[in-house]
>>> print(open('query07.cif').read())   # mmCIF, C-alpha atoms
data_upload
#
loop_
_atom_site.group_PDB
_atom_site.id
_atom_site.type_symbol
_atom_site.label_atom_id
_atom_site.label_comp_id
_atom_site.auth_asym_id
_atom_site.auth_seq_id
_atom_site.Cartn_x
_atom_site.Cartn_y
_atom_site.Cartn_z
ATOM 1 C CA MET A 23 87.169 115.264 98.194
ATOM 2 C CA LYS A 24 89.709 117.592 96.659
ATOM 3 C CA PRO A 25 93.073 115.868 96.342
ATOM 4 C CA THR A 26 95.833 117.264 98.526
ATOM 5 C CA PRO A 27 99.567 116.697 98.099
ATOM 6 C CA GLY A 28 99.544 114.251 100.987
ATOM 7 C CA ASN A 29 97.112 111.902 99.301
ATOM 8 C CA TYR A 30 98.591 111.805 95.831
ATOM 9 C CA SER A 31 102.305 112.667 95.931
ATOM 10 C CA LYS A 32 103.302 109.100 96.829
ATOM 11 C CA LEU A 33 101.113 107.765 94.020
ATOM 12 C CA ILE A 34 102.804 110.040 91.489
ATOM 13 C CA THR A 35 106.247 109.055 92.790
ATOM 14 C CA ASN A 36 105.391 105.362 92.553
ATOM 15 C CA ILE A 37 103.998 105.763 89.035
ATOM 16 C CA ARG A 38 107.126 107.649 87.968
ATOM 17 C CA ASN A 39 109.255 104.856 89.472
ATOM 18 C CA PHE A 40 107.300 102.157 87.626
ATOM 19 C CA CYS A 41 107.487 103.974 84.286
ATOM 20 C CA GLY A 42 111.214 104.552 84.827
ATOM 21 C CA ILE A 43 111.819 100.857 85.448
ATOM 22 C CA ILE A 44 109.927 99.917 82.292
ATOM 23 C CA ARG A 45 111.651 102.586 80.167
ATOM 24 C CA GLU A 46 115.090 101.424 81.321
ATOM 25 C CA ILE A 47 114.272 97.735 81.648
ATOM 26 C CA GLU A 48 117.173 96.500 79.516
ATOM 27 C CA THR A 49 119.711 98.090 81.881
ATOM 28 C CA TYR A 50 117.832 97.518 85.145
ATOM 29 C CA PRO A 51 119.797 95.324 87.593
ATOM 30 C CA SER A 52 118.684 91.782 86.872
ATOM 31 C CA GLY A 53 118.366 90.577 90.457
ATOM 32 C CA ASN A 54 116.262 93.564 91.474
ATOM 33 C CA LEU A 55 113.824 93.679 88.548
ATOM 34 C CA MET A 56 111.099 91.295 89.690
ATOM 35 C CA PRO A 57 111.041 92.301 93.384
ATOM 36 C CA ASP A 58 111.207 96.024 92.519
ATOM 37 C CA LEU A 59 108.353 95.702 90.013
ATOM 38 C CA LEU A 60 106.280 93.766 92.536
ATOM 39 C CA ARG A 61 106.968 96.341 95.255
ATOM 40 C CA VAL A 62 106.148 99.394 93.163
ATOM 41 C CA LEU A 63 103.003 97.825 91.671
ATOM 42 C CA SER A 64 101.823 96.924 95.182
ATOM 43 C CA LEU A 65 102.320 100.535 96.256
ATOM 44 C CA ILE A 66 100.420 101.814 93.204
ATOM 45 C CA SER A 67 97.589 99.386 93.921
ATOM 46 C CA HIS A 68 97.436 100.538 97.540
ATOM 47 C CA ASP A 69 97.435 104.210 96.554
ATOM 48 C CA MET A 70 94.830 103.765 93.808
ATOM 49 C CA GLU A 71 92.412 102.073 96.213
ATOM 50 C CA ARG A 72 92.604 105.161 98.406
ATOM 51 C CA LEU A 73 92.597 107.828 95.698
ATOM 52 C CA ASP A 74 89.420 109.825 96.118
ATOM 53 C CA VAL A 75 88.833 111.801 92.940
ATOM 54 C CA ALA A 76 86.004 111.786 90.464
ATOM 55 C CA THR A 77 86.344 109.821 87.272
ATOM 56 C CA ASP A 78 86.292 111.686 83.992
ATOM 57 C CA SER A 79 85.486 110.149 80.642
ATOM 58 C CA GLN A 80 86.597 113.123 78.556
ATOM 59 C CA PHE A 81 90.154 111.920 78.080
ATOM 60 C CA PHE A 82 90.647 110.006 74.900
ATOM 61 C CA ALA A 83 93.824 109.313 73.028
ATOM 62 C CA LEU A 84 94.527 106.957 70.201
ATOM 63 C CA PRO A 85 97.346 104.629 71.149
ATOM 64 C CA ASP A 86 100.530 104.549 69.140
ATOM 65 C CA LEU A 87 100.239 100.885 68.246
ATOM 66 C CA ASP A 88 103.741 100.613 66.767
ATOM 67 C CA TYR A 89 105.374 102.045 69.894
ATOM 68 C CA ARG A 90 103.160 99.873 72.075
ATOM 69 C CA PHE A 91 104.126 96.746 70.117
ATOM 70 C CA ASP A 92 107.816 97.692 70.301
ATOM 71 C CA MET A 93 107.512 98.059 74.085
ATOM 72 C CA PHE A 94 105.765 94.680 74.336
ATOM 73 C CA CYS A 95 108.585 93.046 72.332
ATOM 74 C CA ARG A 96 111.249 94.721 74.483
ATOM 75 C CA LEU A 97 109.543 93.435 77.610
ATOM 76 C CA LEU A 98 109.262 89.926 76.185
ATOM 77 C CA GLU A 99 112.974 89.931 75.407
ATOM 78 C CA VAL A 100 113.960 91.071 78.903
ATOM 79 C CA LEU A 101 111.455 88.986 80.861
ATOM 80 C CA ALA A 102 111.856 85.678 79.022
ATOM 81 C CA PRO A 103 115.274 84.751 80.453
ATOM 82 C CA ARG A 104 114.162 85.747 83.969
ATOM 83 C CA ILE A 105 111.126 83.461 84.097
ATOM 84 C CA SER A 106 111.629 79.734 84.494
ATOM 85 C CA ASP A 107 109.073 77.021 83.959
ATOM 86 C CA SER A 108 109.445 73.372 83.080
ATOM 87 C CA ASN A 109 106.370 73.467 80.859
ATOM 88 C CA PRO A 110 107.079 75.397 77.623
ATOM 89 C CA GLU A 111 103.413 76.292 77.098
ATOM 90 C CA SER A 112 102.922 77.716 80.579
ATOM 91 C CA TRP A 113 106.280 79.541 80.311
ATOM 92 C CA GLU A 114 105.231 81.175 77.036
ATOM 93 C CA THR A 115 101.866 82.134 78.520
ATOM 94 C CA ALA A 116 103.457 83.541 81.696
ATOM 95 C CA VAL A 117 105.999 85.634 79.803
ATOM 96 C CA GLY A 118 103.434 86.889 77.290
ATOM 97 C CA ASN A 119 100.818 87.732 79.915
ATOM 98 C CA LEU A 120 103.282 89.600 82.107
ATOM 99 C CA ALA A 121 104.688 91.548 79.150
ATOM 100 C CA ASP A 122 101.142 92.432 78.060
ATOM 101 C CA ASP A 123 100.129 93.571 81.552
ATOM 102 C CA LEU A 124 103.266 95.669 82.019
ATOM 103 C CA THR A 125 102.876 97.224 78.564
ATOM 104 C CA ASP A 126 99.277 98.255 79.212
ATOM 105 C CA LEU A 127 100.159 99.590 82.648
ATOM 106 C CA TYR A 128 103.089 101.567 81.293
ATOM 107 C CA PHE A 129 101.043 103.318 78.622
ATOM 108 C CA GLU A 130 98.087 104.048 80.886
ATOM 109 C CA LEU A 131 100.294 105.443 83.640
ATOM 110 C CA GLN A 132 102.671 107.312 81.344
ATOM 111 C CA ARG A 133 99.722 109.051 79.702
ATOM 112 C CA GLY A 134 98.780 110.499 83.085
ATOM 113 C CA LEU A 135 102.379 111.541 83.747
ATOM 114 C CA ASP A 136 102.476 113.306 80.388
ATOM 115 C CA LEU A 137 99.294 115.153 81.294
ATOM 116 C CA LEU A 138 100.685 116.014 84.722
ATOM 117 C CA ASP A 139 103.921 117.303 83.212
ATOM 118 C CA LEU A 140 101.917 119.756 81.099
ATOM 119 C CA ASN A 141 100.563 121.382 84.251
ATOM 120 C CA THR A 142 102.318 120.327 87.447
ATOM 121 C CA THR A 143 100.308 122.720 89.602
ATOM 122 C CA GLN A 144 96.983 121.138 88.616
ATOM 123 C CA PRO A 145 97.227 117.362 89.067
ATOM 124 C CA LEU A 146 93.482 116.744 89.058
ATOM 125 C CA SER A 147 93.343 115.940 85.331
ATOM 126 C CA ALA A 148 96.026 113.268 85.633
ATOM 127 C CA LEU A 149 94.539 111.874 88.837
ATOM 128 C CA SER A 150 91.089 111.676 87.240
ATOM 129 C CA LEU A 151 92.557 110.017 84.160
ATOM 130 C CA TRP A 152 94.283 107.394 86.313
ATOM 131 C CA ARG A 153 91.164 106.846 88.440
ATOM 132 C CA THR A 154 88.959 106.417 85.375
ATOM 133 C CA GLY A 155 91.420 104.123 83.619
ATOM 134 C CA TYR A 156 91.929 102.126 86.797
ATOM 135 C CA GLN A 157 88.220 101.500 87.199
ATOM 136 C CA LEU A 158 87.569 100.795 83.517
ATOM 137 C CA HIS A 159 90.668 98.939 82.385
ATOM 138 C CA TRP A 160 94.039 98.745 84.017
ATOM 139 C CA LYS A 161 93.089 97.525 87.514
ATOM 140 C CA GLU A 162 92.846 94.033 85.996
ATOM 141 C CA HIS A 163 96.326 94.374 84.462
ATOM 142 C CA LEU A 164 97.699 95.624 87.781
ATOM 143 C CA GLU A 165 96.251 92.704 89.732
ATOM 144 C CA SER A 166 97.361 90.187 87.115
ATOM 145 C CA ALA A 167 100.913 91.572 86.993
ATOM 146 C CA GLN A 168 101.148 91.525 90.795
ATOM 147 C CA GLN A 169 99.987 87.894 90.934
ATOM 148 C CA GLN A 170 102.411 86.815 88.223
ATOM 149 C CA LEU A 171 105.344 88.688 89.745
ATOM 150 C CA ALA A 172 104.600 87.285 93.193
ATOM 151 C CA ARG A 173 104.490 83.750 91.795
ATOM 152 C CA ILE A 174 107.715 84.243 89.834
ATOM 153 C CA PHE A 175 109.556 85.982 92.648
ATOM 154 C CA HIS A 176 108.547 83.489 95.300
ATOM 155 C CA GLN A 177 109.208 80.521 93.047
ATOM 156 C CA TYR A 178 112.582 81.835 91.800
ATOM 157 C CA PRO A 179 113.759 84.441 94.355
ATOM 158 C CA GLY A 180 117.252 84.805 92.937
#
>>> encode(input="query07.cif", output="structure tokens")
Amino acid sequence: MKPTPGNYSKLITNIRNFCGIIREIETYPSGNLMPDLLRVLSLISHDMERLDVATDSQFFALPDLDYRFDMFCRLLEVLAPRISDSNPESWETAVGNLADDLTDLYFELQRGLDLLDLNTTQPLSALSLWRTGYQLHWKEHLESAQQQLARIFHQYPG
């Protein structure tokens, strides 16, 4: 099925929203961060399950490991004070896992946005990149992040 604006425009908007939250995470309103991340990731998950485009394995890019590590550290710094747990080991694991999931998601999704921004009239390359990455890698990070955010948000709603 050839993608039409109706079946991918919301996905692109949700991905842009997620990447914007992550890029501006230090200044994002504290009380809204966890519920907004959970909401937008749920929307991305919903849209990805319905995205009907072929996968394409021709996209390959070497990650910028320094930038990726910097993003992971930024996320750790912002998330740590917002996650409570009486057990220091489970707290450290929860913060680290969520930061890792959000970092991987950010880079996978931003890569597609960068590709889309190169040619806004032909979104198929970005959609195929997201579909392929979703099936091969980042679906697990998306599900894990959603589970962790739901647990955190419902355990500590304020």
>>> residues_around(input="query07.cif", residues="range 93-108 of chain A", least_positions_apart="4", cutoff="9 Å", atoms="all atoms listed in the file", output="ChimeraX atom specification")
/A:44-45,47-48,52,56,88-89,112-114,116-118,120-122,124-126,174,177-178
>>> closest_residue(input="query07.cif", among="A:Ile34, A:Ile43, A:Leu127, A:Leu63", to="Leu146 in chain A", atoms="only C-alpha atoms")
A:Ile34
>>> residues_around(input="query07.cif", residues="Leu164 in chain A", least_positions_apart="3", cutoff="9 Å", atoms="all atoms listed in the file", output="ChimeraX atom specification")
/A:63-64,66-67,123-124,127,156,160-161,167-169
>>> atom_distance(input="query07.cif", atom1="CA of Thr35 in chain A", atom2="CA of Ala172 in chain A")
21.8 Å
>>> resolve_selection(input="query07.cif", expression="the PyMOL selection byres ((chain A and resi 148) around 8)", output="PDB file with C-alpha atoms, in the coordinates of the input")
ATOM      1  CA  GLY A 134      98.780 110.499  83.085  1.00  0.00           C
ATOM      2  CA  LEU A 135     102.379 111.541  83.747  1.00  0.00           C
ATOM      3  CA  LEU A 137      99.294 115.153  81.294  1.00  0.00           C
ATOM      4  CA  LEU A 138     100.685 116.014  84.722  1.00  0.00           C
ATOM      5  CA  PRO A 145      97.227 117.362  89.067  1.00  0.00           C
ATOM      6  CA  LEU A 146      93.482 116.744  89.058  1.00  0.00           C
ATOM      7  CA  SER A 147      93.343 115.940  85.331  1.00  0.00           C
ATOM      8  CA  LEU A 149      94.539 111.874  88.837  1.00  0.00           C
ATOM      9  CA  SER A 150      91.089 111.676  87.240  1.00  0.00           C
ATOM     10  CA  LEU A 151      92.557 110.017  84.160  1.00  0.00           C
ATOM     11  CA  TRP A 152      94.283 107.394  86.313  1.00  0.00           C
TER      12      TRP A 152
END
>>> atom_distance(input="query07.cif", atom1="CA of Met70 in chain A", atom2="CA of Gln157 in chain A")
9.6 Å
>>> closest_residue(input="query07.cif", among="A:Asn119, A:Asn54, A:Gln132, A:Thr154", to="Asp74 in chain A", atoms="only C-alpha atoms")
A:Thr154
>>> decode(input="query07.cif", residues="range 37-141 of chain A", atoms="C-alpha atoms", output="PDB file, in the first residue's frame")
ATOM      1  CA  ILE A  37       7.832  11.616  16.159  1.00  0.00           C
ATOM      2  CA  ARG A  38       8.653  15.319  15.852  1.00  0.00           C
ATOM      3  CA  ASN A  39       6.990  15.912  19.239  1.00  0.00           C
ATOM      4  CA  PHE A  40       8.982  13.112  20.884  1.00  0.00           C
ATOM      5  CA  CYS A  41      12.297  14.302  19.441  1.00  0.00           C
ATOM      6  CA  GLY A  42      11.470  17.861  20.518  1.00  0.00           C
ATOM      7  CA  ILE A  43      10.804  16.755  24.087  1.00  0.00           C
ATOM      8  CA  ILE A  44      14.097  14.868  24.219  1.00  0.00           C
ATOM      9  CA  ARG A  45      16.082  17.723  22.634  1.00  0.00           C
ATOM     10  CA  GLU A  46      14.665  20.226  25.133  1.00  0.00           C
ATOM     11  CA  ILE A  47      14.403  17.865  28.089  1.00  0.00           C
ATOM     12  CA  GLU A  48      16.305  20.081  30.530  1.00  0.00           C
ATOM     13  CA  THR A  49      13.750  22.886  30.119  1.00  0.00           C
ATOM     14  CA  TYR A  50      10.641  20.723  29.710  1.00  0.00           C
ATOM     15  CA  PRO A  51       8.049  21.363  32.456  1.00  0.00           C
ATOM     16  CA  SER A  52       8.854  18.874  35.188  1.00  0.00           C
ATOM     17  CA  GLY A  53       5.305  17.815  36.015  1.00  0.00           C
ATOM     18  CA  ASN A  54       4.453  17.153  32.379  1.00  0.00           C
ATOM     19  CA  LEU A  55       7.559  15.219  31.316  1.00  0.00           C
ATOM     20  CA  MET A  56       6.631  11.656  32.243  1.00  0.00           C
ATOM     21  CA  PRO A  57       2.952  11.784  31.189  1.00  0.00           C
ATOM     22  CA  ASP A  58       3.802  13.612  27.937  1.00  0.00           C
ATOM     23  CA  LEU A  59       6.521  11.084  27.074  1.00  0.00           C
ATOM     24  CA  LEU A  60       4.166   8.205  27.833  1.00  0.00           C
ATOM     25  CA  ARG A  61       1.401   9.754  25.722  1.00  0.00           C
ATOM     26  CA  VAL A  62       3.551  10.490  22.687  1.00  0.00           C
ATOM     27  CA  LEU A  63       5.281   7.089  22.787  1.00  0.00           C
ATOM     28  CA  SER A  64       1.872   5.392  22.969  1.00  0.00           C
ATOM     29  CA  LEU A  65       0.762   7.334  19.897  1.00  0.00           C
ATOM     30  CA  ILE A  66       3.952   6.397  18.023  1.00  0.00           C
ATOM     31  CA  SER A  67       3.456   2.750  18.959  1.00  0.00           C
ATOM     32  CA  HIS A  68      -0.141   2.861  17.734  1.00  0.00           C
ATOM     33  CA  ASP A  69       0.842   4.526  14.460  1.00  0.00           C
ATOM     34  CA  MET A  70       3.781   2.184  13.823  1.00  0.00           C
ATOM     35  CA  GLU A  71       1.571  -0.890  14.218  1.00  0.00           C
ATOM     36  CA  ARG A  72      -0.631   0.472  11.448  1.00  0.00           C
ATOM     37  CA  LEU A  73       2.069   1.814   9.133  1.00  0.00           C
ATOM     38  CA  ASP A  74       1.896  -0.200   5.944  1.00  0.00           C
ATOM     39  CA  VAL A  75       5.110   0.354   4.016  1.00  0.00           C
ATOM     40  CA  ALA A  76       7.796  -2.021   2.887  1.00  0.00           C
ATOM     41  CA  THR A  77      10.954  -2.347   4.911  1.00  0.00           C
ATOM     42  CA  ASP A  78      14.228  -1.354   3.319  1.00  0.00           C
ATOM     43  CA  SER A  79      17.630  -2.513   4.465  1.00  0.00           C
ATOM     44  CA  GLN A  80      19.624  -0.077   2.338  1.00  0.00           C
ATOM     45  CA  PHE A  81      19.823   2.626   4.980  1.00  0.00           C
ATOM     46  CA  PHE A  82      22.956   2.458   7.024  1.00  0.00           C
ATOM     47  CA  ALA A  83      24.577   5.140   9.088  1.00  0.00           C
ATOM     48  CA  LEU A  84      27.341   4.943  11.609  1.00  0.00           C
ATOM     49  CA  PRO A  85      26.178   6.396  14.896  1.00  0.00           C
ATOM     50  CA  ASP A  86      27.935   9.360  16.415  1.00  0.00           C
ATOM     51  CA  LEU A  87      28.849   7.568  19.619  1.00  0.00           C
ATOM     52  CA  ASP A  88      30.053  10.697  21.432  1.00  0.00           C
ATOM     53  CA  TYR A  89      26.809  12.568  20.745  1.00  0.00           C
ATOM     54  CA  ARG A  90      24.806   9.484  21.667  1.00  0.00           C
ATOM     55  CA  PHE A  91      26.684   9.128  24.968  1.00  0.00           C
ATOM     56  CA  ASP A  92      26.215  12.839  25.710  1.00  0.00           C
ATOM     57  CA  MET A  93      22.466  12.463  25.121  1.00  0.00           C
ATOM     58  CA  PHE A  94      22.351   9.407  27.398  1.00  0.00           C
ATOM     59  CA  CYS A  95      24.132  11.369  30.159  1.00  0.00           C
ATOM     60  CA  ARG A  96      21.780  14.339  29.733  1.00  0.00           C
ATOM     61  CA  LEU A  97      18.795  12.031  30.047  1.00  0.00           C
ATOM     62  CA  LEU A  98      20.237  10.352  33.132  1.00  0.00           C
ATOM     63  CA  GLU A  99      20.726  13.741  34.764  1.00  0.00           C
ATOM     64  CA  VAL A 100      17.164  14.878  34.047  1.00  0.00           C
ATOM     65  CA  LEU A 101      15.406  11.587  34.773  1.00  0.00           C
ATOM     66  CA  ALA A 102      17.209  10.637  37.987  1.00  0.00           C
ATOM     67  CA  PRO A 103      15.518  13.203  40.256  1.00  0.00           C
ATOM     68  CA  ARG A 104      12.098  12.392  38.759  1.00  0.00           C
ATOM     69  CA  ILE A 105      12.206   8.663  39.498  1.00  0.00           C
ATOM     70  CA  SER A 106      11.771   7.467  43.059  1.00  0.00           C
ATOM     71  CA  ASP A 107      12.503   4.031  44.412  1.00  0.00           C
ATOM     72  CA  SER A 108      13.350   2.839  47.889  1.00  0.00           C
ATOM     73  CA  ASN A 109      15.802   0.274  46.545  1.00  0.00           C
ATOM     74  CA  PRO A 110      18.973   1.975  45.222  1.00  0.00           C
ATOM     75  CA  GLU A 111      19.781  -0.891  42.845  1.00  0.00           C
ATOM     76  CA  SER A 112      16.347  -0.955  41.233  1.00  0.00           C
ATOM     77  CA  TRP A 113      16.355   2.872  41.054  1.00  0.00           C
ATOM     78  CA  GLU A 114      19.702   2.869  39.237  1.00  0.00           C
ATOM     79  CA  THR A 115      18.482   0.161  36.866  1.00  0.00           C
ATOM     80  CA  ALA A 116      15.192   1.980  36.181  1.00  0.00           C
ATOM     81  CA  VAL A 117      16.883   5.304  35.462  1.00  0.00           C
ATOM     82  CA  GLY A 118      19.586   3.722  33.304  1.00  0.00           C
ATOM     83  CA  ASN A 119      17.172   1.557  31.323  1.00  0.00           C
ATOM     84  CA  LEU A 120      14.796   4.429  30.636  1.00  0.00           C
ATOM     85  CA  ALA A 121      17.635   6.744  29.590  1.00  0.00           C
ATOM     86  CA  ASP A 122      18.995   4.020  27.293  1.00  0.00           C
ATOM     87  CA  ASP A 123      15.592   3.363  25.711  1.00  0.00           C
ATOM     88  CA  LEU A 124      14.884   7.059  25.166  1.00  0.00           C
ATOM     89  CA  THR A 125      18.359   7.625  23.713  1.00  0.00           C
ATOM     90  CA  ASP A 126      17.991   4.797  21.203  1.00  0.00           C
ATOM     91  CA  LEU A 127      14.497   5.930  20.267  1.00  0.00           C
ATOM     92  CA  TYR A 128      15.621   9.515  19.803  1.00  0.00           C
ATOM     93  CA  PHE A 129      18.442   8.625  17.429  1.00  0.00           C
ATOM     94  CA  GLU A 130      16.413   6.131  15.413  1.00  0.00           C
ATOM     95  CA  LEU A 131      13.497   8.527  15.022  1.00  0.00           C
ATOM     96  CA  GLN A 132      15.602  11.633  14.446  1.00  0.00           C
ATOM     97  CA  ARG A 133      17.466   9.856  11.657  1.00  0.00           C
ATOM     98  CA  GLY A 134      14.167   9.405   9.831  1.00  0.00           C
ATOM     99  CA  LEU A 135      13.228  13.043  10.430  1.00  0.00           C
ATOM    100  CA  ASP A 136      16.570  14.131   8.996  1.00  0.00           C
ATOM    101  CA  LEU A 137      15.912  12.014   5.922  1.00  0.00           C
ATOM    102  CA  LEU A 138      12.387  13.399   5.635  1.00  0.00           C
ATOM    103  CA  ASP A 139      13.643  16.970   5.928  1.00  0.00           C
ATOM    104  CA  LEU A 140      15.903  16.385   2.921  1.00  0.00           C
ATOM    105  CA  ASN A 141      12.865  15.656   0.764  1.00  0.00           C
TER     106      ASN A 141
END
